[in-house]
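Asker: Here it is, the structure in full.
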Amino acid sequence: MTDPTWNAEFTRHFDLTADSMRFTAYLLCGNWHEAEDVVQAAFLKLYLAGPKLAKRDGLTAYTRKIVVRTFIGERRRMRWRREKLTDSPPEMPSGGEHVEDRLVVWQAMSVLGARQRAVLVLRFWHDLSVEETASALGCTTGTVKSQSARGVATLRQRLGPQYADLWQEVSRRA
Amino acid sequence: MREDDLKSTFERLRAAPMPVRGLTADDIISSGEAVRKRRRTMAVVGSGVGTTAVVVAAVLALALKPGGAPNGPVDPAGPSSTSSVQKPVEVPPSTTPSPSSPVEPSPSTSMPPAPFTTPPSAPPPSTPPGSTSAPDEPAATSTTSHGTTPMGSASVAVTQTR
């Protein structure tokens with residue numbers, strides 16, 4: 001049962017938000033390949049759920065919620081997987097094209113848990129409030145506050161005073 | 001490190017060139033249609049298998065039920081060759097009442113209790129004044145008579161003593 005109205009609306013929404021969602025997924029996942037998979041799964045869920053939606057005026061926020069929750073679910077399942085997705089084959093040296101993979105903050109964020117990273121991305125990239133972040137993640141506002149504080153503290157501890165120098169180096173390479 | 005540094009880091013990352021997107025809306029739509037078709041097929045097959053399983057289980061339950069189904073074919077019912085007339089059951093009259101049979105009420109219990117004294121409007125009997133019992137009222141004398149003697153004789157005995 002194909003709904004041509006929904007197909008047209010979905011196509012328009014995809015063209016508008018696909019890049020933004022890709023970048024959000026990239027911030028969450030840490031590499032473009034996994035981000036592509038997460039975005040594809042999220043948009044597929046959105047497409048399947050679209051005809052059942054009563055109101056379609058908040059599709060962007062809904063899509064972002066799906067992306068974040070898909071990422072957290074993938075990370076939960078990844079614990080039991082043997083293979084791990086990487087941006088490039090391990091036997092090949094990483095090229096200079098994707099220099100953002102070497103970002104210092106990026107490496108520091110890689111040690112954070114999935115929820116902490118999602119909280120930081122939603123709070124400091126999407127500028128969501130504590131309540132909106134809690135709604136997107138499906139947790140309480142207290143959890144958002146604690147996860148945010150712990151995440152920033154971990155970044156501070158890992159980056160430390162060398163953060164400025166490392167950032168200059170990364171910027172020069174980029 | 002402050003929160004602003006994190007935000008500026010994200011912004012610089014956003015400004016960096018992104019790889020080419022290998023995903024289009026048509027790919028998502030075609031994948032969604034395939035998923036819907038697969039789900040519909042699974043639903044139809046699942047409901048069919050479920051219905052078949054329920055029917056088979058019901059048939060097996062009825063067949064394996066002990067005494068539920070007859071072993072062979074049953075002949076149709078026809079008229080019987082011998083006729084029998086039922087005789088009414090005669091109850092022999094019992095001479096001695098059984099202990100469980102209802103006991104006929106005695107006259108003393110069936111009759112309403114009579115007053116001990118005669119009404120003043122009654123005509124005076126032949127007995128001399130002062131006697132309290134009439135000879136034709138056994139209930140009044142039965143309470144005053146002795147245990148095993150008949151009532152009539154008791155009243156007679158009373159009158160004789162007077």
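FYI, nothing fancy with the structure tokens labels: chains A, B, ... in order, residues from 1 per chain, ligands from 1 as they appear.
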Residues of chain B no more than 7 Å from chain A, counting only C-alpha atoms: send them over as an NGL selection string.
Answerer: :B and (1 or 7 or 10 or 25 or 28 or 32)
Asker: Which one is closest to A:Arg77: A:Thr60, A:Cys139, A:Glu132, A:Ala114? Count only C-alpha atoms.
Answerer: A:Ala114
Asker: What does the structure give for the distance between atom CA of A:Gly138 and atom CA of A:Arg117, in Å to one decimal?
Answerer: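 So the two atoms, atom CA of A:Gly138 and atom CA of A:Arg117, lie 14.8 Å apart.
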Asker: Please compute the atom CA of A:Val111-atom CA of A:Gly151 distance, one decimal, in Å.
Answerer: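 Separating atom CA of A:Val111 from atom CA of A:Gly151 is a distance of 9.6 Å.
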Asker: Using only C-alpha atoms, which residues sit within 9 Å of stretch 141-145 of chain A once same-chain residues fewer than 6 positions away are excluded, as a PyMOL selection string?
Answerer: chain A and resi 115-116+119+130-135
Asker: Please write the residues from the selection above to a file, keeping C-alpha atoms, as a CSV table (one decimal), in the first residue's frame.
Answerer:
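Output saved as part_18.csv:
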```
chain,number,residue,atom,x,y,z
A,115,ARG,CA,24.7,8.0,26.0
A,116,GLN,CA,27.3,10.6,27.2
A,119,VAL,CA,23.9,14.0,25.4
A,130,VAL,CA,17.8,19.5,29.2
A,131,GLU,CA,14.1,18.6,28.8
A,132,GLU,CA,14.3,18.2,25.1
A,133,THR,CA,17.4,16.1,25.4
A,134,ALA,CA,15.7,13.9,28.0
A,135,SER,CA,12.7,13.5,25.7
```
Asker: So how many Å separate atom CA of B:Leu6 and atom CA of A:Ser110, to one decimal?
Answerer: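 Answer for the atom CA of B:Leu6 to atom CA of A:Ser110 separation: 13.8 Å.
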